[in-house]
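Only one structure is covered here, and it is reproduced in the block below.
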Amino acid sequence: MYYLIKNTLEECSAEQCHDADSPYVAILTPEQWLEQNENFDMGIDFDMNSDDILTTKADVNYDSLTGTFCLPVQSTGSETPESFSFALDETGIVFIDQGKSALNLVKRIKQNKKWRKPSLERFLYDFLEQIIHNDLQLMQLYERELNDIEKEIMENAEDAHMQRNNEIRGDIRDLRIHYEQLQDFGQELEENENGFFSEENLRYFHMFSNRVDRLYDAATHLRDYTIQLNDLYQSQLDVKQNRIMTVLTVVTTIFMPLTLIAGWYGMNFKYMPELESRMGYPVIIGLSILIVAGSLTFFKIKKIL
């Protein structure tokens, strides 16, 4: 697929793409790139298997800028990361994609964007924005889930979905890595080492970098939130365990003197005077009740119970 960057993206043929004065956008498969790369006059032999793409980066060459995109599943909603490569110079940009990730992004721009001052820089800005345009909403969804988990922890820690908290922390880790790579990518474009971009349009890349910085900060905040929830979960379990231990301690303390009495009079020595006393049994019962009542009163006064 070939497009010219005018007030909107206008679909065109390969011949029109190479002959036009406007910057172009081309989306090719790796096989098409091998056949047609000489037509783009970028002076590079750019052959990259999409299966080998693991990062988002930009590399400056003598007369071109090349790189790769690796989009995490959290941003794309797909089952596996989406990846593709690109090459650009001052005349336009070529995406080399085995799938349809780049094409789908470009089509969204074609449907939704209309420019007053079209340029390659503005297209790149909108393309990069399409990569992260759902991420702020994604962060908000994660935050709502974490808020629900926090409520569950406070109500009953044992029923809280802590596995989901750990999954969210893993997702956030992947997104933070993605944003770090996009930060470096935006800085590489903003440096404009080869002079492909006009100075007045470098502000687009600066705007993009600022937005990625905010997303990175939001992801960092959420990561810290997941760690705090783990600490809260553990503290709530400790509180519950302490309560159980308190009850066991109180019960043990109450029945310890009763156990002593039972053991004492269970010896049944021949000359124990209480064994022959008519009041011995009632007295021991009363003494036991008194000990239990006194212990409970003591623990309530001390606010242990």
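Letters A, B, ... go to the chains of the structure tokens in the order shown; residues in each chain start at 1; ligands are counted from 1 in the same order.
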What's the 12 Å shell around Met162 of chain A, counting only C-alpha atoms, without same-chain residues fewer than 6 positions away, as a PyMOL selection string? chain A and resi 145-146+148-153+156+168-169+226-234
Which neighbours of segment 8-24 of chain A fall inside 10 Å, counting only C-alpha atoms, when residues of the same chain fewer than 2 positions from it are skipped, and could you give them as an mmCIF file with N, CA and C atoms, in the first residue's frame?
```cif
data_model
loop_
_atom_site.group_PDB
_atom_site.id
_atom_site.type_symbol
_atom_site.label_atom_id
_atom_site.label_comp_id
_atom_site.auth_asym_id
_atom_site.auth_seq_id
_atom_site.Cartn_x
_atom_site.Cartn_y
_atom_site.Cartn_z
ATOM 1 N N MET A 1 0.847 -1.191 0.000
ATOM 2 C CA MET A 1 0.000 0.000 0.000
ATOM 3 C C MET A 1 0.884 1.243 0.000
ATOM 4 N N TYR A 2 0.455 2.245 -0.790
ATOM 5 C CA TYR A 2 1.206 3.492 -0.896
ATOM 6 C C TYR A 2 0.253 4.657 -0.652
ATOM 7 N N TYR A 3 0.751 5.665 0.063
ATOM 8 C CA TYR A 3 -0.043 6.855 0.345
ATOM 9 C C TYR A 3 0.831 8.088 0.174
ATOM 10 N N LEU A 4 0.195 9.184 -0.209
ATOM 11 C CA LEU A 4 0.847 10.486 -0.234
ATOM 12 C C LEU A 4 0.333 11.309 0.937
ATOM 13 N N ILE A 5 1.246 12.018 1.608
ATOM 14 C CA ILE A 5 0.873 12.828 2.760
ATOM 15 C C ILE A 5 0.449 14.202 2.257
ATOM 16 N N LYS A 6 -0.835 14.394 2.107
ATOM 17 C CA LYS A 6 -1.388 15.699 1.728
ATOM 18 C C LYS A 6 -2.283 16.160 2.871
ATOM 19 N N ALA A 26 4.706 4.130 2.661
ATOM 20 C CA ALA A 26 4.594 2.838 1.992
ATOM 21 C C ALA A 26 4.568 1.735 3.035
ATOM 22 N N GLN A 36 11.811 -4.245 -4.034
ATOM 23 C CA GLN A 36 11.636 -2.846 -4.409
ATOM 24 C C GLN A 36 12.534 -1.879 -3.656
ATOM 25 N N ASN A 39 14.249 1.058 -5.327
ATOM 26 C CA ASN A 39 13.431 2.164 -5.835
ATOM 27 C C ASN A 39 13.321 3.310 -4.842
ATOM 28 N N PHE A 40 13.602 3.052 -3.584
ATOM 29 C CA PHE A 40 13.446 4.088 -2.572
ATOM 30 C C PHE A 40 14.733 4.881 -2.350
ATOM 31 N N ASP A 41 15.820 4.427 -2.902
ATOM 32 C CA ASP A 41 17.071 5.192 -2.904
ATOM 33 C C ASP A 41 17.480 5.641 -1.492
ATOM 34 N N LEU A 88 13.201 5.459 6.813
ATOM 35 C CA LEU A 88 12.717 6.758 6.345
ATOM 36 C C LEU A 88 13.872 7.663 5.978
ATOM 37 N N ASP A 89 13.559 8.627 5.134
ATOM 38 C CA ASP A 89 14.449 9.743 4.852
ATOM 39 C C ASP A 89 13.568 10.973 4.680
ATOM 40 N N GLU A 90 14.116 12.036 4.125
ATOM 41 C CA GLU A 90 13.341 13.265 4.026
ATOM 42 C C GLU A 90 12.170 13.163 3.050
ATOM 43 N N THR A 91 12.168 12.142 2.184
ATOM 44 C CA THR A 91 11.098 12.019 1.189
ATOM 45 C C THR A 91 9.912 11.198 1.670
ATOM 46 N N GLY A 92 10.080 10.358 2.660
ATOM 47 C CA GLY A 92 8.973 9.549 3.129
ATOM 48 C C GLY A 92 9.413 8.416 4.027
ATOM 49 N N ILE A 93 8.476 7.544 4.342
ATOM 50 C CA ILE A 93 8.740 6.439 5.257
ATOM 51 C C ILE A 93 8.173 5.149 4.681
ATOM 52 N N VAL A 94 8.919 4.063 4.887
ATOM 53 C CA VAL A 94 8.498 2.737 4.450
ATOM 54 C C VAL A 94 8.387 1.846 5.678
ATOM 55 N N VAL A 106 -1.929 2.991 10.007
ATOM 56 C CA VAL A 106 -1.985 3.986 8.940
ATOM 57 C C VAL A 106 -3.425 4.205 8.485
ATOM 58 N N LYS A 107 -4.206 3.156 8.418
ATOM 59 C CA LYS A 107 -5.605 3.289 7.994
ATOM 60 C C LYS A 107 -6.404 4.111 8.999
ATOM 61 N N ILE A 109 -5.220 6.530 10.773
ATOM 62 C CA ILE A 109 -4.834 7.918 10.511
ATOM 63 C C ILE A 109 -5.573 8.435 9.283
ATOM 64 N N LYS A 110 -5.655 7.633 8.257
ATOM 65 C CA LYS A 110 -6.346 8.031 7.026
ATOM 66 C C LYS A 110 -7.818 8.350 7.292
ATOM 67 N N GLN A 111 -8.445 7.587 8.157
ATOM 68 C CA GLN A 111 -9.865 7.770 8.440
ATOM 69 C C GLN A 111 -10.131 8.962 9.358
ATOM 70 N N ASN A 112 -9.207 9.243 10.284
ATOM 71 C CA ASN A 112 -9.502 10.190 11.356
ATOM 72 C C ASN A 112 -8.741 11.506 11.296
ATOM 73 N N LYS A 113 -7.716 11.610 10.457
ATOM 74 C CA LYS A 113 -6.870 12.793 10.484
ATOM 75 C C LYS A 113 -6.984 13.601 9.193
ATOM 76 N N LYS A 114 -7.027 14.894 9.378
ATOM 77 C CA LYS A 114 -6.971 15.834 8.259
ATOM 78 C C LYS A 114 -6.088 16.990 8.689
ATOM 79 N N TRP A 115 -5.055 17.290 7.908
ATOM 80 C CA TRP A 115 -4.047 18.246 8.337
ATOM 81 C C TRP A 115 -4.164 19.565 7.574
ATOM 82 N N ARG A 116 -3.955 20.651 8.311
ATOM 83 C CA ARG A 116 -3.889 21.962 7.671
ATOM 84 C C ARG A 116 -2.511 22.179 7.047
ATOM 85 N N PRO A 118 0.221 19.611 6.160
ATOM 86 C CA PRO A 118 0.725 18.231 6.104
ATOM 87 C C PRO A 118 2.240 18.183 6.001
ATOM 88 N N SER A 119 2.816 17.201 6.652
ATOM 89 C CA SER A 119 4.267 17.021 6.604
ATOM 90 C C SER A 119 4.584 15.615 7.085
ATOM 91 N N LEU A 120 5.801 15.178 6.801
ATOM 92 C CA LEU A 120 6.239 13.876 7.272
ATOM 93 C C LEU A 120 6.298 13.846 8.791
ATOM 94 N N GLU A 121 6.723 14.971 9.391
ATOM 95 C CA GLU A 121 6.820 15.035 10.844
ATOM 96 C C GLU A 121 5.447 14.889 11.500
ATOM 97 N N PHE A 123 2.813 13.402 10.215
ATOM 98 C CA PHE A 123 2.371 12.014 10.065
ATOM 99 C C PHE A 123 3.035 11.134 11.113
#
```
Can you pull out every residue within 9 Å of Glu180 of chain A, counting only C-alpha atoms, but drop anything in the same chain fewer than 6 positions away, and send it as a ChimeraX atom specification? /A:212-213,216
Contacts of Ile132 of chain A within 10 Å, only C-alpha atoms, excl. fewer than 6 positions in-chain, as a list in words: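 Counting only C-alpha atoms, the residues come to Leu71, Ser75, Thr76, Leu138, Tyr179, Leu182, Phe208, Arg211, Val212 and Leu215 of chain A.
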Quick one: of A:Val239, A:Pro257, A:Phe95, A:Val250, who's nearest to Met154 of chain A, counting only C-alpha atoms?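 Comparing A:Val239, A:Pro257, A:Phe95, A:Val250 against Met154 of chain A, the winner is A:Val239.
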I need the residues in segment 45-166 of chain A that are alpha helix (DSSP H) according to DSSP; give them as a PyMOL selection string. chain A and resi 73-76+101-112+120-132+135-155+162-166
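Atom CA of Gln130 of chain A to atom CA of Leu105 of chain A spans 6.4 Å [interatomic distance, one decimal].
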So which one's closest to Asp97 of chain A, A:Trp33, A:Phe299, A:Phe255, A:Phe127? Using only C-alpha atoms, please.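 The answer is A:Trp33, which sits nearest to Asp97 of chain A.
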Point out the residue among A:Gln32, A:Asn7, A:Gln98, A:Ser295 with the least atom-to-atom distance to Thr253 of chain A, counting only C-alpha atoms.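 The answer is A:Ser295, which sits nearest to Thr253 of chain A.
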Rounded to one decimal place, report the atom CA of Leu128 of chain A-atom CA of Pro30 of chain A distance in Å.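 Atom CA of Leu128 of chain A sits 21.6 Å away from atom CA of Pro30 of chain A.
Pairwise distance (atom CA of Leu237 of chain A, atom CA of Thr252 of chain A) equals 22.4 Å.
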Neighbour list for Gln74 of chain A as a PyMOL selection string, cut-off 9 Å, only C-alpha atoms, skip fewer than 5 positions in-chain: chain A and resi 81+135+138+171-172+174-175
Store the residues picked out above in a file with N, CA, C and O atoms, as a tab-separated table (two decimals), in the first residue's frame.
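File written: selection.tsv
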```
chain	number	residue	atom	x	y	z
A	81	PRO	N	2.75	-9.94	20.99
A	81	PRO	CA	3.26	-8.61	20.60
A	81	PRO	C	3.27	-8.43	19.08
A	81	PRO	O	3.55	-9.37	18.34
A	135	ASP	N	-3.62	3.96	25.78
A	135	ASP	CA	-2.88	3.58	26.98
A	135	ASP	C	-3.36	4.31	28.24
A	135	ASP	O	-3.35	3.74	29.33
A	138	LEU	N	-6.25	2.54	29.41
A	138	LEU	CA	-5.79	1.28	29.99
A	138	LEU	C	-5.30	1.48	31.41
A	138	LEU	O	-5.60	0.68	32.31
A	171	ASP	N	1.97	-6.71	33.76
A	171	ASP	CA	1.59	-5.89	32.60
A	171	ASP	C	2.23	-4.51	32.67
A	171	ASP	O	2.72	-3.98	31.65
A	172	ILE	N	2.21	-3.93	33.85
A	172	ILE	CA	2.80	-2.60	34.02
A	172	ILE	C	4.30	-2.63	33.77
A	172	ILE	O	4.87	-1.70	33.18
A	174	ASP	N	5.87	-4.54	31.65
A	174	ASP	CA	6.05	-4.56	30.20
A	174	ASP	C	5.79	-3.18	29.59
A	174	ASP	O	6.50	-2.75	28.67
A	175	LEU	N	4.77	-2.50	30.09
A	175	LEU	CA	4.45	-1.17	29.56
A	175	LEU	C	5.55	-0.17	29.89
A	175	LEU	O	5.89	0.69	29.06
```
Taking only C-alpha atoms into account, name the residue in A:Leu248, A:Pro282, A:Thr220, A:Ser209 that is nearest to Glu190 of chain A.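 Smallest distance to Glu190 of chain A is found for A:Ser209.
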When you count only C-alpha atoms, which of these residues is closest to Glu191 of chain A: A:Val247, A:Lys303, A:Gln140, A:Val60? A:Val60
